[in-house]
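Pasted below: entry.cif, mmCIF, C-alpha atoms and all ligand atoms.
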```
data_input
loop_
_atom_site.label_atom_id
_atom_site.label_comp_id
_atom_site.auth_asym_id
_atom_site.auth_seq_id
_atom_site.Cartn_x
_atom_site.Cartn_y
_atom_site.Cartn_z
CA MET A 4 89.55 -110.85 134.61
CA VAL A 5 89.12 -114.62 134.27
CA PHE A 6 92.25 -116.72 134.05
CA PRO A 7 92.39 -120.11 132.31
CA ARG A 8 94.02 -121.50 135.42
CA LYS A 9 94.32 -125.21 134.75
CA GLY A 10 95.54 -125.12 131.16
CA PHE A 11 97.61 -122.11 131.95
CA PHE A 12 99.61 -123.80 134.68
CA ALA A 13 99.90 -127.12 132.86
CA THR A 14 101.41 -125.34 129.86
CA SER A 15 103.56 -123.19 132.11
CA ILE A 16 104.99 -126.21 133.86
CA THR A 17 105.85 -127.81 130.51
CA ILE A 18 107.50 -124.65 129.29
CA VAL A 19 109.45 -124.13 132.48
CA THR A 20 110.50 -127.80 132.52
CA LEU A 21 111.79 -127.38 128.98
CA ALA A 22 113.59 -124.21 130.03
CA ILE A 23 115.26 -125.97 132.95
CA LEU A 24 116.20 -128.94 130.77
CA ALA A 25 117.63 -126.62 128.15
CA ALA A 26 119.58 -124.73 130.80
CA SER A 27 121.00 -127.96 132.24
CA CYS A 28 122.16 -128.93 128.74
CA GLY A 29 124.20 -125.74 128.63
CA ALA A 30 121.73 -123.60 126.65
CA PRO A 31 120.86 -120.43 128.56
CA ALA A 32 117.15 -120.80 127.96
CA PRO A 33 115.21 -117.62 128.85
CA ARG A 34 118.08 -115.46 127.69
CA LYS A 35 118.26 -117.42 124.46
CA ALA A 36 114.52 -117.03 123.95
CA ALA A 37 114.83 -113.26 124.43
CA ASP A 38 117.73 -113.14 121.95
CA LYS A 39 115.74 -115.17 119.48
CA LYS A 40 112.79 -112.83 119.78
CA GLY A 41 115.10 -109.86 119.35
CA ILE A 42 114.10 -108.27 122.64
CA ILE A 43 115.94 -107.07 125.69
CA PHE A 44 115.14 -108.98 128.86
CA GLY A 45 117.20 -107.39 131.61
CA VAL A 46 117.62 -107.11 135.34
CA SER A 47 119.05 -104.65 137.82
CA VAL A 48 122.01 -105.93 139.78
CA LYS A 49 123.83 -104.91 142.90
CA ALA A 50 127.61 -105.11 143.04
CA GLY A 51 127.47 -108.28 145.16
CA ASP A 52 125.31 -110.06 142.57
CA VAL A 53 128.14 -110.30 140.08
CA LEU A 54 130.42 -111.78 142.76
CA THR A 55 128.05 -114.48 144.02
CA PRO A 56 128.23 -117.77 142.08
CA ASP A 57 124.49 -118.59 142.34
CA THR A 58 123.43 -115.15 141.21
CA VAL A 59 126.01 -115.10 138.45
CA LYS A 60 124.69 -118.38 137.10
CA HIS A 61 121.14 -117.08 137.30
CA ILE A 62 121.93 -113.80 135.54
CA LYS A 63 123.84 -115.50 132.75
CA SER A 64 121.05 -117.92 131.93
CA HIS A 65 118.09 -115.57 132.22
CA TYR A 66 118.91 -112.09 130.93
CA ASN A 67 120.69 -110.41 128.06
CA LEU A 68 121.15 -107.04 129.78
CA ILE A 69 122.09 -105.82 133.24
CA VAL A 70 121.76 -102.39 134.82
CA PRO A 71 123.49 -101.33 138.02
CA GLU A 72 120.69 -100.81 140.55
CA ASP A 73 122.73 -98.28 142.53
CA SER A 74 126.40 -98.41 141.51
CA MET A 75 126.27 -95.74 138.81
CA LYS A 76 124.21 -93.30 140.83
CA TRP A 77 125.96 -90.05 141.58
CA VAL A 78 126.35 -90.65 145.32
CA ASN A 79 128.15 -93.92 144.65
CA ILE A 80 130.25 -93.26 141.59
CA HIS A 81 131.18 -89.64 142.34
CA PRO A 82 130.57 -89.03 146.06
CA LYS A 83 132.96 -86.08 146.32
CA LYS A 84 133.81 -83.42 143.80
CA ASP A 85 137.38 -84.68 143.45
CA PHE A 86 136.78 -88.39 144.00
CA TRP A 87 135.33 -90.89 141.53
CA ASN A 88 134.62 -94.39 142.80
CA TRP A 89 134.74 -96.46 139.62
CA SER A 90 135.29 -99.86 141.18
CA ASP A 91 131.74 -101.29 141.21
CA MET A 92 130.76 -99.96 137.80
CA ASP A 93 134.07 -101.14 136.28
CA MET A 94 133.42 -104.57 137.72
CA MET A 95 129.91 -104.66 136.27
CA VAL A 96 130.98 -103.50 132.83
CA ASP A 97 133.75 -106.15 132.82
CA PHE A 98 131.25 -108.77 133.99
CA ALA A 99 128.81 -107.85 131.23
CA GLU A 100 131.48 -108.00 128.55
CA LYS A 101 132.95 -111.24 129.77
CA ASN A 102 129.53 -112.86 129.63
CA GLY A 103 128.29 -111.33 126.41
CA LEU A 104 125.62 -109.26 128.17
CA LYS A 105 124.57 -105.73 127.35
CA ILE A 106 124.82 -103.18 130.13
CA LYS A 107 122.90 -99.92 130.50
CA GLY A 108 123.62 -96.97 132.77
CA HIS A 109 121.31 -95.51 135.42
CA THR A 110 121.17 -92.47 135.99
CA PHE A 111 122.49 -88.88 135.73
CA LEU A 112 119.97 -86.07 136.16
CA TRP A 113 117.85 -87.02 139.18
CA GLN A 114 116.79 -85.43 142.44
CA ASP A 115 117.81 -88.43 144.57
CA GLN A 116 121.02 -90.21 145.50
CA ASN A 117 123.34 -87.40 144.47
CA GLY A 118 126.72 -86.70 146.06
CA PRO A 119 126.24 -84.23 148.97
CA TYR A 120 128.39 -81.63 147.20
CA VAL A 121 125.83 -81.49 144.40
CA HIS A 122 123.41 -79.75 146.75
CA SER A 123 125.84 -76.96 147.55
CA VAL A 124 125.77 -75.71 143.97
CA LYS A 125 124.28 -72.23 143.86
CA ASN A 126 123.71 -71.06 140.29
CA ARG A 127 122.99 -72.12 136.69
CA ASP A 128 126.59 -72.11 135.51
CA GLU A 129 127.78 -74.28 138.38
CA ALA A 130 124.89 -76.67 137.95
CA ILE A 131 125.54 -77.03 134.22
CA ALA A 132 129.25 -77.54 134.91
CA ILE A 133 128.80 -80.41 137.38
CA LEU A 134 126.01 -82.06 135.41
CA THR A 135 128.11 -81.98 132.24
CA GLU A 136 131.14 -83.21 134.13
CA GLN A 137 129.14 -86.15 135.51
CA ILE A 138 127.71 -87.18 132.16
CA THR A 139 130.95 -86.70 130.26
CA GLY A 140 133.06 -88.38 132.95
CA VAL A 141 131.01 -91.58 133.05
CA MET A 142 130.20 -91.84 129.37
CA THR A 143 133.74 -91.18 128.23
CA ARG A 144 135.09 -93.86 130.54
CA TYR A 145 132.62 -96.46 129.24
CA LYS A 146 132.41 -95.22 125.67
CA GLY A 147 131.28 -97.99 123.33
CA ARG A 148 130.78 -100.41 126.23
CA VAL A 149 127.53 -99.24 127.84
CA CYS A 150 124.70 -99.44 125.32
CA GLU A 151 122.22 -96.94 126.75
CA TYR A 152 121.73 -94.48 129.58
CA ASP A 153 118.81 -93.19 131.60
CA VAL A 154 120.03 -89.63 131.08
CA ALA A 155 117.26 -88.05 133.14
CA ASN A 156 114.92 -89.61 135.67
CA GLU A 157 111.62 -88.55 137.24
CA VAL A 158 111.33 -84.98 135.97
CA PHE A 159 107.51 -84.70 136.05
CA ASN A 160 104.87 -84.15 138.72
CA GLU A 161 101.72 -86.26 138.62
CA ASP A 162 99.75 -83.37 137.06
CA GLY A 163 102.24 -83.20 134.18
CA SER A 164 104.04 -80.05 135.34
CA MET A 165 107.82 -80.13 135.74
CA ARG A 166 109.02 -81.38 139.10
CA ASP A 167 110.57 -78.62 141.17
CA THR A 168 114.04 -80.16 141.55
CA PHE A 169 117.23 -78.22 142.17
CA TRP A 170 118.28 -79.03 138.58
CA TYR A 171 115.15 -77.45 137.17
CA ARG A 172 115.29 -74.49 139.55
CA LEU A 173 118.97 -73.72 138.97
CA ILE A 174 119.32 -74.45 135.26
CA GLY A 175 115.84 -73.65 133.97
CA PRO A 176 113.67 -75.17 131.24
CA ASP A 177 116.61 -76.12 129.00
CA PHE A 178 118.04 -78.49 131.65
CA LEU A 179 117.14 -81.59 129.64
CA ASP A 180 118.50 -80.16 126.38
CA ILE A 181 121.83 -79.60 128.09
CA ALA A 182 121.96 -83.09 129.61
CA PHE A 183 121.03 -84.93 126.42
CA ARG A 184 123.43 -82.90 124.26
CA ALA A 185 126.30 -83.59 126.65
CA ALA A 186 125.44 -87.29 126.61
CA ARG A 187 125.35 -87.53 122.82
CA GLU A 188 128.64 -85.73 122.55
CA ALA A 189 130.33 -88.01 125.10
CA ASP A 190 129.28 -91.26 123.40
CA PRO A 191 127.44 -90.89 120.09
CA GLN A 192 126.68 -94.65 119.95
CA ALA A 193 124.84 -94.89 123.26
CA LYS A 194 121.04 -94.71 123.27
CA LEU A 195 119.69 -91.91 125.42
CA LEU A 196 116.50 -92.23 127.46
CA LEU A 197 114.17 -90.03 129.48
CA VAL A 198 112.61 -92.11 132.27
CA ASP A 199 109.76 -91.63 134.71
CA TYR A 200 107.08 -93.49 136.65
CA ASN A 201 103.31 -93.34 136.12
CA THR A 202 103.95 -92.33 132.52
CA GLU A 203 102.95 -95.61 130.91
CA PHE A 204 99.29 -95.08 130.04
CA ALA A 205 98.43 -92.63 127.26
CA GLY A 206 95.73 -90.29 128.44
CA SER A 207 97.06 -89.64 131.95
CA ALA A 208 98.30 -86.09 132.58
CA LYS A 209 101.82 -87.27 133.34
CA ALA A 210 102.10 -89.58 130.32
CA ASP A 211 100.76 -86.92 127.97
CA ALA A 212 103.16 -84.33 129.40
CA MET A 213 106.06 -86.69 128.77
CA TYR A 214 104.90 -87.23 125.22
CA GLU A 215 104.53 -83.49 124.50
CA LEU A 216 107.91 -82.68 126.01
CA VAL A 217 109.72 -85.44 124.10
CA LYS A 218 107.96 -84.49 120.86
CA ASP A 219 109.12 -80.93 121.34
CA MET A 220 112.68 -82.12 122.05
CA LYS A 221 112.66 -84.21 118.87
CA GLU A 222 111.34 -81.33 116.79
CA ARG A 223 114.10 -79.09 118.10
CA GLY A 224 116.77 -81.68 117.29
CA ILE A 225 117.65 -82.60 120.87
CA PRO A 226 119.32 -86.03 120.81
CA ILE A 227 116.90 -88.39 122.57
CA ASP A 228 116.37 -92.01 121.45
CA GLY A 229 113.82 -93.47 123.79
CA VAL A 230 111.59 -93.21 126.81
CA GLY A 231 111.52 -95.46 129.82
CA HIS A 232 108.56 -96.24 132.02
CA GLN A 233 109.75 -97.56 135.34
CA LEU A 234 106.64 -99.67 136.03
CA HIS A 235 106.96 -100.19 139.74
CA CYS A 236 103.42 -101.50 139.81
CA PRO A 237 101.12 -102.26 142.73
CA ALA A 238 99.33 -105.51 141.88
CA GLU A 239 95.95 -103.88 142.56
CA MET A 240 96.45 -101.12 139.98
CA ASN A 241 94.12 -100.68 137.05
CA PHE A 242 96.45 -101.96 134.33
CA ASP A 243 95.24 -100.58 131.01
CA GLU A 244 97.02 -102.60 128.34
CA GLU A 245 95.50 -100.68 125.45
CA ALA A 246 96.54 -97.30 126.87
CA LEU A 247 100.09 -98.61 127.24
CA ARG A 248 100.15 -99.91 123.68
CA GLU A 249 98.82 -96.59 122.45
CA ASN A 250 101.60 -94.81 124.32
CA VAL A 251 104.29 -97.08 122.83
CA ARG A 252 102.87 -96.45 119.36
CA ARG A 253 102.81 -92.68 119.59
CA PHE A 254 106.47 -92.58 120.66
CA HIS A 255 107.30 -95.05 117.90
CA ALA A 256 105.65 -92.67 115.42
CA LEU A 257 108.07 -89.99 116.64
CA GLY A 258 110.97 -92.36 115.95
CA LEU A 259 111.58 -93.26 119.60
CA PHE A 260 111.60 -96.64 121.31
CA THR A 261 109.98 -97.48 124.64
CA SER A 262 111.62 -99.51 127.37
CA PHE A 263 110.05 -100.88 130.56
CA THR A 264 112.99 -99.96 132.72
CA GLU A 265 112.34 -100.95 136.35
CA VAL A 266 109.62 -103.56 136.45
CA ASP A 267 108.38 -105.00 139.72
CA VAL A 268 104.85 -105.77 140.87
CA ARG A 269 104.35 -105.40 144.60
CA ILE A 270 101.67 -107.14 146.59
CA LYS A 271 100.04 -105.98 149.80
CA MET A 272 101.18 -108.51 152.40
CA PRO A 273 100.20 -111.18 153.13
CA VAL A 274 99.97 -112.41 149.55
CA ASP A 275 96.55 -113.57 148.41
CA GLY A 276 95.60 -115.51 145.29
CA ASP A 277 93.80 -112.62 143.60
CA ASP A 278 96.76 -110.31 143.86
CA GLU A 279 99.03 -113.07 142.66
CA GLU A 280 96.84 -113.48 139.57
CA ARG A 281 96.99 -109.73 138.98
CA GLN A 282 100.76 -109.85 139.38
CA ASN A 283 101.00 -112.67 136.83
CA ARG A 284 98.91 -110.69 134.42
CA ILE A 285 100.99 -107.50 134.71
CA PHE A 286 104.34 -109.27 134.27
CA SER A 287 103.12 -111.36 131.35
CA THR A 288 101.31 -108.49 129.64
CA LEU A 289 104.42 -106.34 129.77
CA MET A 290 106.44 -109.12 128.20
CA ASN A 291 103.79 -109.60 125.57
CA ILE A 292 103.86 -105.90 124.69
CA ALA A 293 107.67 -105.94 124.60
CA ILE A 294 107.50 -108.79 122.11
CA THR A 295 104.62 -107.64 119.95
CA GLU A 296 104.95 -103.84 119.74
CA PRO A 297 107.61 -102.78 117.21
CA GLY A 298 108.21 -99.62 119.26
CA ALA A 299 108.84 -101.55 122.47
CA GLY A 300 111.19 -104.53 122.82
CA SER A 301 112.83 -104.00 126.18
CA MET A 302 111.77 -105.19 129.62
CA VAL A 303 114.12 -104.78 132.57
CA LEU A 304 113.26 -106.21 135.99
CA TRP A 305 114.13 -104.19 139.09
CA GLY A 306 115.78 -106.88 141.15
CA ILE A 307 116.03 -110.64 140.97
CA THR A 308 114.50 -111.91 144.19
CA ASP A 309 112.34 -110.83 147.11
CA LYS A 310 115.36 -111.33 149.35
CA THR A 311 117.20 -108.19 148.28
CA SER A 312 114.14 -106.21 147.21
CA TRP A 313 113.92 -102.44 147.66
CA ILE A 314 110.11 -102.67 147.94
CA PRO A 315 109.50 -103.34 151.67
CA ARG A 316 111.66 -100.32 152.55
CA ALA A 317 110.06 -98.01 149.99
CA PHE A 318 106.45 -99.25 150.31
CA PRO A 319 105.84 -100.49 153.87
CA GLY A 320 103.26 -103.28 153.98
CA TYR A 321 104.09 -104.44 150.45
CA GLY A 322 106.39 -107.21 149.25
CA SER A 323 106.68 -110.26 147.00
CA ALA A 324 107.31 -107.97 144.03
CA HIS A 325 109.76 -110.07 142.04
CA LEU A 326 109.80 -113.27 140.01
CA PHE A 327 111.80 -115.24 142.57
CA ASP A 328 111.14 -115.68 146.28
CA LYS A 329 113.58 -115.19 149.11
CA GLU A 330 115.03 -118.67 148.52
CA MET A 331 115.43 -117.91 144.82
CA ARG A 332 112.57 -120.23 143.87
CA PRO A 333 110.52 -119.18 140.84
CA LYS A 334 107.03 -117.92 141.65
CA PRO A 335 103.84 -118.17 139.56
CA ALA A 336 104.65 -114.81 137.95
CA TYR A 337 107.87 -116.30 136.62
CA HIS A 338 105.96 -119.13 134.98
CA ALA A 339 103.42 -116.70 133.56
CA LEU A 340 106.16 -114.56 132.07
CA MET A 341 108.12 -117.51 130.71
CA LYS A 342 105.00 -118.77 129.01
CA VAL A 343 104.87 -115.55 127.01
CA LEU A 344 108.62 -115.42 126.40
CA PHE A 345 108.68 -118.98 125.09
CA GLY A 346 105.37 -118.65 123.25
CA LYS A 347 105.22 -118.91 119.52
C1 LIG B 401 116.23 -97.79 144.30
C2 LIG B 401 117.13 -99.00 144.55
O1 LIG B 401 116.46 -100.15 144.13
C3 LIG B 401 117.49 -99.10 146.00
O2 LIG B 401 118.47 -100.10 146.20
C4 LIG B 401 118.00 -97.76 146.54
O3 LIG B 401 118.19 -97.86 147.93
C5 LIG B 401 117.02 -96.65 146.24
O4 LIG B 401 116.79 -96.62 144.83
N1 LIG B 401 113.32 -95.30 140.88
C6 LIG B 401 114.60 -95.37 140.39
C7 LIG B 401 115.58 -96.28 141.02
O5 LIG B 401 114.89 -94.75 139.37
O6 LIG B 401 116.89 -95.82 140.94
C8 LIG B 401 115.23 -96.60 142.46
O7 LIG B 401 116.11 -97.62 142.89
C9 LIG B 401 113.79 -97.01 142.56
C10 LIG B 401 112.87 -95.93 142.08
#
```

Write-out of the structure in structure tokens:
Amino acid sequence: MVFPRKGFFATSITIVTLAILAASCGAPAPRKAADKKGIIFGVSVKAGDVLTPDTVKHIKSHYNLIVPEDSMKWVNIHPKKDFWNWSDMDMMVDFAEKNGLKIKGHTFLWQDQNGPYVHSVKNRDEAIAILTEQITGVMTRYKGRVCEYDVANEVFNEDGSMRDTFWYRLIGPDFLDIAFRAAREADPQAKLLLVDYNTEFAGSAKADAMYELVKDMKERGIPIDGVGHQLHCPAEMNFDEEALRENVRRFHALGLFTSFTEVDVRIKMPVDGDDEERQNRIFSTLMNIAITEPGAGSMVLWGITDKTSWIPRAFPGYGSAHLFDKEMRPKPAYHALMKVLFGK
């Protein structure tokens, strides 16, 4: 891939200068550009982010949606059978409303970060009961205030078979039907998503399995509105833009939207120029697809800066996965993405 480096950066600098100028005049520039384009540009936040003045300012000017990175996960919001810990999620929902931001929920049916009591469940009826209680409890509390939910997360193996989680084992093949029906009943306005990773490129076993399963759900009248591809990308990956567009289009033809739900692009440390170029390309291509594909329209970043990133813990040897560095300075990927967001 050849990049038009000189012109690219000159234009980027102009665009970013304009963005900063606009922001200093009180206009929340990138966020405004996303609103104007009619797309969602979001970010995951930790509870502390909405309490820290610098981060608050940053969130308000850049994004039009937030998602709790961890606060709505089962282990945090419902750690014991008889104890709900609403405080962080309440604070985030209030923060979103106060600042005119959308907020989405993440996540219910997942194999990770569940309350310990979840794993002591022994049979189908008990599993259905606690899953329904979780979905209904959260969605009733935030009814009409949280715009969409990742109802189920990471249910496939790489070969396209169903992942052998305790939910699948205990409940059986209708586990998703049950989760999505409970979600629709709890808040009929909220958009309901099935989310996974490595499902973005049409033609891969996992992506095709997701498509077939969702198509079948739609045909049987199960209430599902969209699919999410996490897109935790390694910079060196083979990023097949056309296969991603094809995937977005086939879901769109089913009447479903596609969201890029957890975008970050990690680089093998130390950072080199080639990987940085690849990172720029992935971030900017995703934004371009979000803007140009009628079935897309939503790009959510998984974290604001490299300082609080989950990447070094999850992928040892990798880092620099976000648009801002550890000092909250914008990186080349930020400029590349802004160029697309502000483009005509
Ligand atoms: C990660 C968070 O970013 C971390 O803070 C946490 O310690 C572990 O989970 N896929 C998902 C997200 O759906 O919920 C995960 O988030 C990243 C992988």

**Message:** Which residue is closest to Pro119 in chain A? Choose from A:Lys35, A:Lys101, A:Lys107, A:Lys84 and count all atoms listed in the file.
**Reply:** A:Lys84

**Request:** Could you pull out the residues sitting within 9 Å of ligand LIG 401 (chain B), using only C-alpha atoms and all ligand atoms, and write them as a list in words?
**Result:**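 Checked against 9 Å with only C-alpha atoms and all ligand atoms; the hits are Ser47, Lys49, Glu72, Asp73, Lys76, His109, Thr110, Trp113, Asp115, Gln116, Asp153, Asn156, Glu157, Val198, Asp199, Tyr200, Gln233, His235, Thr264, Glu265, Trp305, Gly306, Thr311, Ser312, Trp313, Ile314, Arg316 and Ala317 of chain A.
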
**Message:** Taking 4 positions as the minimum chain separation for residues in the same chain, which residues sit within 8 Å of range 226-228 of chain A when counting only C-alpha atoms? Answer as a VMD selection string.
**Reply:** chain A and resid 183 to 184 187 194 to 197 217 220 to 221 258 to 260

So that I can see what lies close to Glu188 in chain A, please list as an mmCIF file with C-alpha atoms, in the frame of the given file the residues with an atom at most 10 Å from it, counting all atoms listed in the file and leaving out residues fewer than 2 positions away in the same chain.
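Wrote result_30.cif, looks like this:
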```cif
data_model
loop_
_atom_site.group_PDB
_atom_site.id
_atom_site.type_symbol
_atom_site.label_atom_id
_atom_site.label_comp_id
_atom_site.auth_asym_id
_atom_site.auth_seq_id
_atom_site.Cartn_x
_atom_site.Cartn_y
_atom_site.Cartn_z
ATOM 1 C CA ILE A 138 127.710 -87.180 132.160
ATOM 2 C CA THR A 139 130.950 -86.700 130.260
ATOM 3 C CA MET A 142 130.200 -91.840 129.370
ATOM 4 C CA THR A 143 133.740 -91.180 128.230
ATOM 5 C CA PHE A 183 121.030 -84.930 126.420
ATOM 6 C CA ARG A 184 123.430 -82.900 124.260
ATOM 7 C CA ALA A 185 126.300 -83.590 126.650
ATOM 8 C CA ALA A 186 125.440 -87.290 126.610
ATOM 9 C CA ASP A 190 129.280 -91.260 123.400
ATOM 10 C CA PRO A 191 127.440 -90.890 120.090
ATOM 11 C CA GLN A 192 126.680 -94.650 119.950
ATOM 12 C CA ALA A 193 124.840 -94.890 123.260
ATOM 13 C CA PRO A 226 119.320 -86.030 120.810
#
```

**Message:** When you look at Thr202 in chain A with a cut-off of 9 Å (counting only C-alpha atoms), what residues show up, excluding the ones that are within fewer than 3 positions of it in the same chain? I need them as a list in words.
**Reply:**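 Close residues of Thr202 in chain A: Glu161, Val198, Asp199, Ala205, Ser207, Ala208, Lys209, Ala210, Asp211, Ala212, Met213, Tyr214, Gly231, His232, Gln233, Leu234 and Asn250 of chain A.
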
**Asked** Mind pulling up the distance from CA of Arg127 in chain A to CA of Ile174 in chain A?
**Response** 4.6 Å
